[in-house]
Amino acid sequence: MNKQIIGSKLGRNDPCPCGSGRKYKACCLTAQSAVPGIQAAGIPALMQGAFAHHQRGRLDEAASLYGNVLRRDPRHADALYLLGVLLAQQGRLPEALGHFARRLSIGDSAEAKLGFANCMKQITFTQDGAEIRRLATRALSEAWISPRELVDPALGLVMLDDEIRGCFERAVEAWPRRLSRQALFGTAGLAALAGDGLLRSLLECSPMHSIAMERFLTQARHALLELVTDAGAVGLDDEALLAFCCALARQCFLNEYVFDATDSEIAAAEALRGRLEALLSGESSFPRPWLAMAAAYFPLEGLACAERLLALDCGQALAALVDQQVREPRRERQLRAQIPALTAIGAGVSSQVQAQYEENPYPRWTRAPAILAPLSIDEFLQRIAPARFRPLARKAGMDVLIAGCGTGFQSICSAQLYSGSRLLAVDLSLASLGYARRKTEELGLTNIDYAQADITRLGPLERRFDLIESIGVLHHLEDPEAGWRTLADLLRPGGVMLIALYSELGRQDIVAARRYIAEQGYAPTAADIRRCRQDILALEGSDWTAELLQRWDFFGTSECRDLLFHAQEHRFSLPQLKETLDRLGLRFLGFQLGANLLNKYGQQFPDDPEKANLDNWHRFETANPRTFRGMYLFWVQK
């Protein structure tokens with residue numbers, strides 16, 4: 001929830017305090033009960049009074065009035081929702097979550113979904129509940145926010161089940177020794193795992209970013225392979241168990257088979273694949289769990305006669321697995337053949353980086369969150385840097401360049417966020433662009449054009465842009481400043497850029513890891529990435545490993561290659577950034593950071609209300625080196 005827009009000057013045309021991006025008058029200022037007879041009892045007046053207190057920051061008074069409304073009408077949608085907003089602002093997240101859940105029990109509301117998900121991602125659950133689990137499952141599968149943000153709290157909910165927690169603890173305690181299925185699952189663990197819809201949704205929606213969870217899933221995959229290949233095993237066609245096996249296979253595909261596997265395990269999986277291929281080539285039937293477990297070790301698209309799978313009627317869970325591992329990759333190849341090339345790809349670093357992303361498109365993602373209310377770039381930046389930003393005042397559609405779009409998550413989010421925008425999204429990698437085009441096609445977006453291009457060779461492009469976004473790209477160029485200058489020249493006068501660069505201070509764990517990789521001689525191959533990860537996990541007592549294991553990108557093959565094995569990486573300091581901006585003629589507008597960090601900076605440097613003094617930020621980062629451990633993410637204006 002955005003606390004900053006609750007204030008004494010809030011008017012009907014101001015952004016609503018719910019964080020939806022809509023105007024207050026069109027979003028939460030409804031104050032009309034769905035029950036006409038109750039209006040006469042004073043509920044509209046109570047709602048107006050409650051919101052008047054709310055917008056002026058008198059939260060206790062507002063809460064009292066919202067509560068009064070709910071005592072008269074326990075299903076008053078606006079009161080439930082706005083009291084949830086207020087409770088979240090007060091940090092009373094479990095109570096806020098409950099109010100959003102009650103609001104959603106009345107009917108779907110995009111704002112209430114967003115409120116629920118934003119609360120959920122900050123909660124460590126200590127109590128289970130069927131309704132919260134149901135909504136958490138929907139929040140993941142429908143991407144109320146990015147599914148990755150909900151992995152930890154959803155996993156916490158799953159672990160409240162005693163049987164599942166027992167399986168989890170046995171797997172971790174035994175590591176690296178592999179447990180038999182009886183030792184891992186016990187008498188009731190497998191049924192509990194198979195019956196947990198939230199766990200299945202977790203596995204299907206996002207790569208896990210937990211070492212303990214990775215070890216449990218590695219053990220579970222081993223045990224299930226043992227179960228499926230045991231001719232004497234029973235219950236192999238149980239629908240819930242099959243759905244769990246399919247979800248596990250989808251998780252393995254998402255992380256590109258980064259889990260460890262023993263030699264005997266790989267041999268058993270390869271034997272299973274061979275049996276499947278023989279049956280497919282002979283157009284014979286096969287046990288459905290065979291297909292799920294083979295897909296947990298190898299992509300189904302690599303099977304001989306994989307096209308036969310597209311015509312099979314094998315149930316919902318297997319159909320979704322076949323879509324992920326056969327139909328979607330084939331569609332990506334079709335789409336990448338249609339993508340135009342704006343430039344040639346330069347030799348040297350550009351060619352090396354292209355080769356990396358052709359082999360390992362980045363990032364791997366499943367669902368992008370919907371944007372509730374599009375904004376103009378003026379509206380967006382006037383919230384971030386109201387004093388420093390000079391409005392573009394564009395009356396027609398805005399032209400946006402996404403320079404280095406990867407697999408399309410950024411371009412799709414930006415296309416939905418900026419109202420009336422026309423996007424050109426470019427990347428070196430056709431594999432990444434094919435993924436991006438498929439995702440864009442699935443969402444029905446029509447305002448994004450994709451093209452293959454080398455940023456360093458975009459200078460002759462005749463098109464000009466109001467906004468250029470280049471996130472996590474420039475630091476992979478041979479000469480980042482030269483590439484940045486090329487992009488700046490493509491901006492219209494007064495145009496803005498959103499840039500992200502690696503921080504030298506924020507990536508000391510990566511520096512240490514890259515040094516370790518060089519010393520040990522690991523190659524940037526899938527096999528060596530798996531081996532390197534396990535070797536790093538075996539190191540004990542190292543500060544850099546503890547930091548590294550908190551990074552989400554450690555938990556997938558393409559992500560780990562991007563994080564630790566990149567063909568080219570530059571890192572920057574804020575004094576360097578300041579000098580570069582001066583040379584490029586770009587005005588720093590501000591960092592895109594969470595409210596807590598901005599408030600902490602503001603307390604330390606109250607004489608910089610715009611929070612845009614890079615000398616101060618350098619002092620702040622030096623004292624707090626984890627501030628930009630992701631990247632410097634900031635706005636500049638030409």
# chains A, B, ... in the order shown; residues from 1 in each chain; ligands from 1
>>> residues_around(residues="A:Val353", least_positions_apart="4", cutoff="12 Å", atoms="only C-alpha atoms", output="PyMOL selection string")
chain A and resi 345-349+357-362+404+406+427-429+454+473-478+561-562+565-569
>>> select_by_dssp(residues="stretch 494-546 of chain A", states="strand (DSSP E or B)", output="PDB file with N, CA and C atoms, in the first residue's frame")
ATOM      1  N   GLY A 494      14.153  16.239 -23.790  1.00  0.00           N
ATOM      2  CA  GLY A 494      13.348  16.097 -22.579  1.00  0.00           C
ATOM      3  C   GLY A 494      12.942  14.681 -22.274  1.00  0.00           C
ATOM      4  N   GLY A 495      13.351  13.718 -23.106  1.00  0.00           N
ATOM      5  CA  GLY A 495      12.992  12.327 -22.870  1.00  0.00           C
ATOM      6  C   GLY A 495      13.639  11.765 -21.608  1.00  0.00           C
ATOM      7  N   VAL A 496      13.117  10.661 -21.132  1.00  0.00           N
ATOM      8  CA  VAL A 496      13.583  10.079 -19.875  1.00  0.00           C
ATOM      9  C   VAL A 496      14.067   8.650 -20.097  1.00  0.00           C
ATOM     10  N   MET A 497      14.921   8.214 -19.181  1.00  0.00           N
ATOM     11  CA  MET A 497      15.458   6.856 -19.232  1.00  0.00           C
ATOM     12  C   MET A 497      15.338   6.218 -17.855  1.00  0.00           C
ATOM     13  N   LEU A 498      15.023   4.937 -17.850  1.00  0.00           N
ATOM     14  CA  LEU A 498      15.086   4.099 -16.656  1.00  0.00           C
ATOM     15  C   LEU A 498      16.244   3.138 -16.871  1.00  0.00           C
ATOM     16  N   ILE A 499      17.253   3.253 -16.009  1.00  0.00           N
ATOM     17  CA  ILE A 499      18.501   2.517 -16.179  1.00  0.00           C
ATOM     18  C   ILE A 499      18.767   1.691 -14.924  1.00  0.00           C
ATOM     19  N   ALA A 500      19.360   0.516 -15.109  1.00  0.00           N
ATOM     20  CA  ALA A 500      19.812  -0.278 -13.960  1.00  0.00           C
ATOM     21  C   ALA A 500      21.227  -0.778 -14.236  1.00  0.00           C
ATOM     22  N   LEU A 501      22.106  -0.554 -13.261  1.00  0.00           N
ATOM     23  CA  LEU A 501      23.514  -0.936 -13.373  1.00  0.00           C
ATOM     24  C   LEU A 501      23.955  -1.640 -12.099  1.00  0.00           C
ATOM     25  N   SER A 503      26.124  -2.457  -8.898  1.00  0.00           N
ATOM     26  CA  SER A 503      26.889  -1.708  -7.897  1.00  0.00           C
ATOM     27  C   SER A 503      28.110  -2.520  -7.482  1.00  0.00           C
TER      28      SER A 503
END
>>> residues_around(residues="A:Glu504", least_positions_apart="6", cutoff="12 Å", atoms="only C-alpha atoms", output="short mmCIF file (atom, residue, chain, number, x, y, z; two decimals) with C-alpha atoms, in the first residue's frame")
data_model
loop_
_atom_site.label_atom_id
_atom_site.label_comp_id
_atom_site.auth_asym_id
_atom_site.auth_seq_id
_atom_site.Cartn_x
_atom_site.Cartn_y
_atom_site.Cartn_z
CA HIS A 475 26.98 -3.34 -17.74
CA ILE A 510 29.35 -12.10 -6.73
CA VAL A 511 32.94 -10.89 -7.08
CA ALA A 512 34.04 -13.56 -4.59
CA GLU A 569 30.32 -7.82 -16.33
CA HIS A 570 31.12 -4.24 -15.32
CA ARG A 571 30.31 -2.78 -11.90
CA PHE A 572 29.98 0.87 -10.93
CA SER A 573 30.23 3.23 -8.00
CA LEU A 574 28.02 6.27 -7.49
CA PRO A 575 30.89 8.73 -8.09
CA GLN A 576 31.46 6.99 -11.45
CA LEU A 577 27.74 7.22 -12.18
CA HIS A 618 27.46 7.43 -2.00
CA GLU A 621 25.71 3.23 0.38
CA THR A 622 29.19 3.12 1.89
CA PRO A 625 26.54 -1.64 1.33
CA ARG A 626 23.49 -3.88 0.84
CA THR A 627 21.35 -0.92 -0.31
CA PHE A 628 21.88 -1.66 -4.01
CA ARG A 629 22.71 -5.37 -3.84
CA GLY A 630 20.33 -5.89 -6.74
CA MET A 631 21.26 -2.94 -8.98
CA TYR A 632 21.21 0.82 -9.07
#
>>> closest_residue(among="A:Phe409, A:Gly397, A:Ala294, A:Gly585", to="A:Trp484", atoms="only C-alpha atoms")
A:Gly585
>>> residues_around(residues="stretch 241-247 of chain A", least_positions_apart="3", cutoff="7 Å", atoms="only C-alpha atoms", output="PyMOL selection string")
chain A and resi 194+200+203-204+237-238+250-251+289+292-293+317-318+321
>>> write_last_selection(atoms="C-alpha atoms", output="short mmCIF file (atom, residue, chain, number, x, y, z; two decimals), in the first residue's frame")
data_model
loop_
_atom_site.label_atom_id
_atom_site.label_comp_id
_atom_site.auth_asym_id
_atom_site.auth_seq_id
_atom_site.Cartn_x
_atom_site.Cartn_y
_atom_site.Cartn_z
CA ALA A 194 -0.30 -35.03 -3.58
CA ARG A 200 1.23 -27.71 -6.72
CA LEU A 203 5.74 -25.56 -8.16
CA GLU A 204 3.97 -24.58 -11.37
CA ASP A 237 -2.68 -43.73 -11.70
CA ASP A 238 -3.99 -41.81 -8.70
CA ARG A 250 7.07 -28.30 -14.42
CA GLN A 251 9.21 -26.92 -11.60
CA PRO A 289 3.33 -41.31 -14.52
CA ALA A 292 5.59 -37.03 -15.78
CA MET A 293 8.74 -38.46 -14.22
CA ALA A 317 -2.27 -32.15 -15.50
CA LEU A 318 -0.37 -33.97 -18.24
CA LEU A 321 2.90 -30.39 -18.86
#
>>> residues_around(residues="A:Ile377", least_positions_apart="6", cutoff="10 Å", atoms="only C-alpha atoms", output="list in words")
Pro391, Leu392, Ala393, Arg394, Met398, Leu417, Tyr418, Ser419, Gly420, Ser421, Asp466, Leu467 and Val496 of chain A
>>> write_last_selection(atoms="N, CA and C atoms", output="PDB file, in the first residue's frame")
ATOM      1  N   PRO A 391       7.729  17.658 -17.077  1.00  0.00           N
ATOM      2  CA  PRO A 391       6.733  16.853 -17.807  1.00  0.00           C
ATOM      3  C   PRO A 391       6.957  16.880 -19.312  1.00  0.00           C
ATOM      4  N   LEU A 392       6.692  15.752 -19.937  1.00  0.00           N
ATOM      5  CA  LEU A 392       6.836  15.635 -21.390  1.00  0.00           C
ATOM      6  C   LEU A 392       5.667  16.270 -22.119  1.00  0.00           C
ATOM      7  N   ALA A 393       4.489  16.243 -21.464  1.00  0.00           N
ATOM      8  CA  ALA A 393       3.276  16.848 -22.044  1.00  0.00           C
ATOM      9  C   ALA A 393       2.976  16.295 -23.432  1.00  0.00           C
ATOM     10  N   ARG A 394       3.127  14.993 -23.556  1.00  0.00           N
ATOM     11  CA  ARG A 394       2.814  14.347 -24.840  1.00  0.00           C
ATOM     12  C   ARG A 394       1.312  14.159 -24.951  1.00  0.00           C
ATOM     13  N   MET A 398       2.898   7.634 -26.562  1.00  0.00           N
ATOM     14  CA  MET A 398       4.298   7.764 -26.211  1.00  0.00           C
ATOM     15  C   MET A 398       5.100   6.633 -26.840  1.00  0.00           C
ATOM     16  N   LEU A 417       1.639  -0.667 -18.279  1.00  0.00           N
ATOM     17  CA  LEU A 417       1.695   0.436 -17.319  1.00  0.00           C
ATOM     18  C   LEU A 417       1.492   1.791 -17.975  1.00  0.00           C
ATOM     19  N   TYR A 418       2.173   2.039 -19.087  1.00  0.00           N
ATOM     20  CA  TYR A 418       2.165   3.371 -19.692  1.00  0.00           C
ATOM     21  C   TYR A 418       1.023   3.474 -20.698  1.00  0.00           C
ATOM     22  N   SER A 419       0.043   4.262 -20.354  1.00  0.00           N
ATOM     23  CA  SER A 419      -1.150   4.360 -21.198  1.00  0.00           C
ATOM     24  C   SER A 419      -0.790   4.979 -22.551  1.00  0.00           C
ATOM     25  N   GLY A 420      -1.389   4.438 -23.596  1.00  0.00           N
ATOM     26  CA  GLY A 420      -1.194   4.981 -24.929  1.00  0.00           C
ATOM     27  C   GLY A 420       0.207   4.822 -25.470  1.00  0.00           C
ATOM     28  N   SER A 421       0.964   3.852 -24.986  1.00  0.00           N
ATOM     29  CA  SER A 421       2.358   3.722 -25.397  1.00  0.00           C
ATOM     30  C   SER A 421       2.510   2.794 -26.597  1.00  0.00           C
ATOM     31  N   ASP A 466      10.360   8.762 -26.381  1.00  0.00           N
ATOM     32  CA  ASP A 466      10.104   9.578 -25.192  1.00  0.00           C
ATOM     33  C   ASP A 466      10.687   8.920 -23.946  1.00  0.00           C
ATOM     34  N   LEU A 467      10.731   7.607 -23.955  1.00  0.00           N
ATOM     35  CA  LEU A 467      11.218   6.840 -22.808  1.00  0.00           C
ATOM     36  C   LEU A 467      12.046   5.670 -23.316  1.00  0.00           C
ATOM     37  N   VAL A 496      13.117  10.661 -21.132  1.00  0.00           N
ATOM     38  CA  VAL A 496      13.583  10.079 -19.875  1.00  0.00           C
ATOM     39  C   VAL A 496      14.067   8.650 -20.097  1.00  0.00           C
TER      40      VAL A 496
END
>>> closest_residue(among="A:Phe286, A:Arg331, A:Ala136, A:Phe253", to="A:Leu300", atoms="only C-alpha atoms")
A:Phe253
>>> residues_around(residues="stretch 161-170 of chain A", least_positions_apart="5", cutoff="8 Å", atoms="only C-alpha atoms", output="JSON, numbers by chain")
{"A": [184, 185, 186, 188, 189, 192, 193, 212, 213, 216]}
>>> residues_around(residues="stretch 137-154 of chain A", least_positions_apart="3", cutoff="6 Å", atoms="only C-alpha atoms", output="number ranges by chain")
A: 114, 121, 124, 134, 157, 198, 206, 369
>>> write_last_selection(atoms="all heavy atoms", output="PDB file, in the first residue's frame")
ATOM      1  N   LEU A 114      -5.011  -7.177  -5.045  1.00  0.00           N
ATOM      2  CA  LEU A 114      -3.705  -6.550  -4.877  1.00  0.00           C
ATOM      3  C   LEU A 114      -3.393  -6.340  -3.399  1.00  0.00           C
ATOM      4  O   LEU A 114      -2.273  -6.595  -2.941  1.00  0.00           O
ATOM      5  CB  LEU A 114      -3.671  -5.218  -5.623  1.00  0.00           C
ATOM      6  CG  LEU A 114      -2.356  -4.426  -5.572  1.00  0.00           C
ATOM      7  CD1 LEU A 114      -1.232  -5.212  -6.216  1.00  0.00           C
ATOM      8  CD2 LEU A 114      -2.522  -3.076  -6.262  1.00  0.00           C
ATOM      9  N   LYS A 121       2.705 -11.212   1.001  1.00  0.00           N
ATOM     10  CA  LYS A 121       4.137 -11.333   0.749  1.00  0.00           C
ATOM     11  C   LYS A 121       4.979 -10.886   1.946  1.00  0.00           C
ATOM     12  O   LYS A 121       6.170 -11.198   2.008  1.00  0.00           O
ATOM     13  CB  LYS A 121       4.526 -10.531  -0.495  1.00  0.00           C
ATOM     14  CG  LYS A 121       4.547  -9.020  -0.312  1.00  0.00           C
ATOM     15  CD  LYS A 121       4.956  -8.326  -1.598  1.00  0.00           C
ATOM     16  CE  LYS A 121       5.039  -6.812  -1.437  1.00  0.00           C
ATOM     17  NZ  LYS A 121       5.396  -6.138  -2.705  1.00  0.00           N
ATOM     18  N   THR A 124       4.673 -14.004   7.750  1.00  0.00           N
ATOM     19  CA  THR A 124       5.107 -15.356   8.068  1.00  0.00           C
ATOM     20  C   THR A 124       3.945 -16.042   8.765  1.00  0.00           C
ATOM     21  O   THR A 124       3.576 -15.681   9.885  1.00  0.00           O
ATOM     22  CB  THR A 124       6.337 -15.344   8.990  1.00  0.00           C
ATOM     23  OG1 THR A 124       7.413 -14.671   8.317  1.00  0.00           O
ATOM     24  CG2 THR A 124       6.772 -16.761   9.336  1.00  0.00           C
ATOM     25  N   ARG A 134      -6.923 -21.026  -0.116  1.00  0.00           N
ATOM     26  CA  ARG A 134      -7.594 -20.926  -1.412  1.00  0.00           C
ATOM     27  C   ARG A 134      -7.215 -19.623  -2.111  1.00  0.00           C
ATOM     28  O   ARG A 134      -6.894 -19.617  -3.312  1.00  0.00           O
ATOM     29  CB  ARG A 134      -9.109 -20.997  -1.224  1.00  0.00           C
ATOM     30  CG  ARG A 134      -9.901 -21.041  -2.528  1.00  0.00           C
ATOM     31  CD  ARG A 134     -11.405 -21.007  -2.267  1.00  0.00           C
ATOM     32  NE  ARG A 134     -11.839 -19.712  -1.776  1.00  0.00           N
ATOM     33  CZ  ARG A 134     -12.088 -18.657  -2.575  1.00  0.00           C
ATOM     34  NH1 ARG A 134     -11.954 -18.758  -3.888  1.00  0.00           N
ATOM     35  NH2 ARG A 134     -12.488 -17.515  -2.059  1.00  0.00           N
ATOM     36  N   LEU A 157       2.913 -21.485   4.484  1.00  0.00           N
ATOM     37  CA  LEU A 157       1.582 -22.079   4.667  1.00  0.00           C
ATOM     38  C   LEU A 157       1.616 -23.592   4.433  1.00  0.00           C
ATOM     39  O   LEU A 157       1.030 -24.366   5.191  1.00  0.00           O
ATOM     40  CB  LEU A 157       0.589 -21.438   3.690  1.00  0.00           C
ATOM     41  CG  LEU A 157      -0.199 -20.226   4.153  1.00  0.00           C
ATOM     42  CD1 LEU A 157      -1.016 -19.660   2.998  1.00  0.00           C
ATOM     43  CD2 LEU A 157      -1.109 -20.558   5.321  1.00  0.00           C
ATOM     44  N   LEU A 198      -2.057 -25.880  -2.995  1.00  0.00           N
ATOM     45  CA  LEU A 198      -1.188 -24.708  -2.896  1.00  0.00           C
ATOM     46  C   LEU A 198       0.242 -25.075  -3.269  1.00  0.00           C
ATOM     47  O   LEU A 198       0.922 -24.325  -3.986  1.00  0.00           O
ATOM     48  CB  LEU A 198      -1.246 -24.130  -1.485  1.00  0.00           C
ATOM     49  CG  LEU A 198      -0.334 -22.937  -1.195  1.00  0.00           C
ATOM     50  CD1 LEU A 198      -0.620 -21.783  -2.151  1.00  0.00           C
ATOM     51  CD2 LEU A 198      -0.480 -22.479   0.258  1.00  0.00           C
ATOM     52  N   SER A 206       6.504 -20.645 -10.158  1.00  0.00           N
ATOM     53  CA  SER A 206       7.753 -19.927  -9.961  1.00  0.00           C
ATOM     54  C   SER A 206       8.857 -20.879  -9.551  1.00  0.00           C
ATOM     55  O   SER A 206       8.619 -21.821  -8.783  1.00  0.00           O
ATOM     56  CB  SER A 206       7.588 -18.864  -8.864  1.00  0.00           C
ATOM     57  OG  SER A 206       8.833 -18.273  -8.539  1.00  0.00           O
ATOM     58  N   PRO A 369       2.096  -9.858 -13.575  1.00  0.00           N
ATOM     59  CA  PRO A 369       0.918  -9.305 -12.909  1.00  0.00           C
ATOM     60  C   PRO A 369       0.220  -8.275 -13.791  1.00  0.00           C
ATOM     61  O   PRO A 369       0.861  -7.548 -14.559  1.00  0.00           O
ATOM     62  CB  PRO A 369       1.501  -8.653 -11.649  1.00  0.00           C
ATOM     63  CG  PRO A 369       2.925  -8.360 -11.990  1.00  0.00           C
ATOM     64  CD  PRO A 369       3.354  -9.445 -12.928  1.00  0.00           C
TER      65      PRO A 369
END
>>> closest_residue(among="A:Leu581, A:Leu46, A:Ala387, A:Leu633", to="A:Asp608", atoms="only C-alpha atoms")
A:Ala387
>>> closest_residue(among="A:Arg551, A:Arg530, A:Arg58, A:Arg71", to="A:Asn255", atoms="only C-alpha atoms")
A:Arg530
>>> select_by_dssp(residues="stretch 384-549 of chain A", states="alpha helix (DSSP H)", output="VMD selection string")
chain A and resid 384 409 to 417 430 to 443 480 to 489 508 to 520 526 to 538 543 to 548
>>> closest_atom_pairs(of="stretch 113-201 of chain A", to="stretch 88-93 of chain A", cutoff="10 Å", atoms="only C-alpha atoms", output="CSV")
residue,atom,partner,partner_atom,distance
A:Gly115,CA,A:Ala88,CA,8.5
A:Phe116,CA,A:Leu93,CA,9.4
A:Asn118,CA,A:Ala88,CA,9.1
A:Cys119,CA,A:Leu93,CA,5.8
A:Met120,CA,A:Leu93,CA,7.9
A:Lys121,CA,A:Leu93,CA,9.9
A:Gln122,CA,A:Leu93,CA,7.7
A:Ile123,CA,A:Leu93,CA,7.0
>>> atom_distance(atom1="atom CA of A:Thr218", atom2="atom CA of A:Phe298")
14.4 Å
>>> atom_distance(atom1="atom CA of A:His222", atom2="atom CA of A:Ala268")
9.8 Å
>>> atom_distance(atom1="atom CA of A:Tyr516", atom2="atom CA of A:Leu549")
15.0 Å
>>> decode(residues="stretch 372-452 of chain A", atoms="C-alpha atoms", output="compact mmCIF listing (two decimals), in the first residue's frame")
# COMPACT_ATOMS: atom_id res chain seq x y z
CA LEU A 372 -4.82 -2.14 -12.56
CA ALA A 373 -4.75 1.35 -14.02
CA PRO A 374 -2.33 2.56 -16.71
CA LEU A 375 -0.60 5.90 -16.18
CA SER A 376 1.05 8.42 -18.46
CA ILE A 377 4.80 8.76 -17.96
CA ASP A 378 4.15 12.27 -16.62
CA GLU A 379 1.81 10.91 -13.92
CA PHE A 380 4.27 8.16 -13.05
CA LEU A 381 7.37 10.34 -12.72
CA GLN A 382 5.60 13.18 -10.95
CA ARG A 383 5.15 10.69 -8.10
CA ILE A 384 8.81 9.65 -8.09
CA ALA A 385 10.51 13.02 -8.69
CA PRO A 386 7.89 15.78 -8.55
CA ALA A 387 10.40 18.61 -8.14
CA ARG A 388 13.05 17.51 -10.63
CA PHE A 389 11.04 15.98 -13.47
CA ARG A 390 10.01 18.23 -16.37
CA PRO A 391 6.73 16.85 -17.81
CA LEU A 392 6.84 15.63 -21.39
CA ALA A 393 3.28 16.85 -22.04
CA ARG A 394 2.81 14.35 -24.84
CA LYS A 395 -0.73 14.58 -26.17
CA ALA A 396 -0.48 11.58 -28.49
CA GLY A 397 0.89 8.09 -27.80
CA MET A 398 4.30 7.76 -26.21
CA ASP A 399 7.18 5.97 -27.94
CA VAL A 400 9.12 3.60 -25.70
CA LEU A 401 12.29 1.61 -26.37
CA ILE A 402 13.10 -1.42 -24.22
CA ALA A 403 16.82 -1.85 -24.89
CA GLY A 404 17.63 -5.43 -23.93
CA CYS A 405 14.18 -6.90 -23.31
CA GLY A 406 15.28 -10.50 -22.63
CA THR A 407 12.30 -12.83 -22.36
CA GLY A 408 9.77 -10.01 -22.26
CA PHE A 409 8.73 -9.59 -18.63
CA GLN A 410 9.83 -5.95 -18.58
CA SER A 411 8.37 -5.03 -21.95
CA ILE A 412 5.01 -6.62 -21.11
CA CYS A 413 4.79 -4.81 -17.75
CA SER A 414 5.74 -1.48 -19.34
CA ALA A 415 3.28 -1.95 -22.21
CA GLN A 416 0.49 -2.31 -19.66
CA LEU A 417 1.69 0.44 -17.32
CA TYR A 418 2.17 3.37 -19.69
CA SER A 419 -1.15 4.36 -21.20
CA GLY A 420 -1.19 4.98 -24.93
CA SER A 421 2.36 3.72 -25.40
CA ARG A 422 3.98 2.19 -28.48
CA LEU A 423 6.90 -0.07 -27.62
CA LEU A 424 9.90 -1.31 -29.56
CA ALA A 425 11.64 -4.08 -27.61
CA VAL A 426 15.04 -5.28 -28.84
CA ASP A 427 17.49 -7.95 -27.75
CA LEU A 428 20.53 -9.82 -29.05
CA SER A 429 18.97 -13.25 -28.53
CA LEU A 430 16.33 -14.72 -30.82
CA ALA A 431 15.61 -17.43 -28.24
CA SER A 432 14.76 -14.75 -25.68
CA LEU A 433 12.71 -12.80 -28.22
CA GLY A 434 10.72 -15.90 -29.17
CA TYR A 435 9.82 -16.42 -25.53
CA ALA A 436 8.84 -12.74 -25.24
CA ARG A 437 6.68 -12.87 -28.36
CA ARG A 438 4.87 -15.98 -27.14
CA LYS A 439 4.09 -14.39 -23.78
CA THR A 440 2.93 -11.18 -25.45
CA GLU A 441 0.71 -13.17 -27.80
CA GLU A 442 -0.83 -15.09 -24.87
CA LEU A 443 -1.79 -11.82 -23.17
CA GLY A 444 -3.26 -10.32 -26.33
CA LEU A 445 -1.05 -7.22 -26.22
CA THR A 446 -0.74 -5.42 -29.55
CA ASN A 447 1.41 -2.38 -28.72
CA ILE A 448 4.83 -4.13 -28.63
CA ASP A 449 7.07 -4.70 -31.66
CA TYR A 450 10.03 -7.05 -31.14
CA ALA A 451 13.27 -6.95 -33.10
CA GLN A 452 16.77 -8.37 -32.90
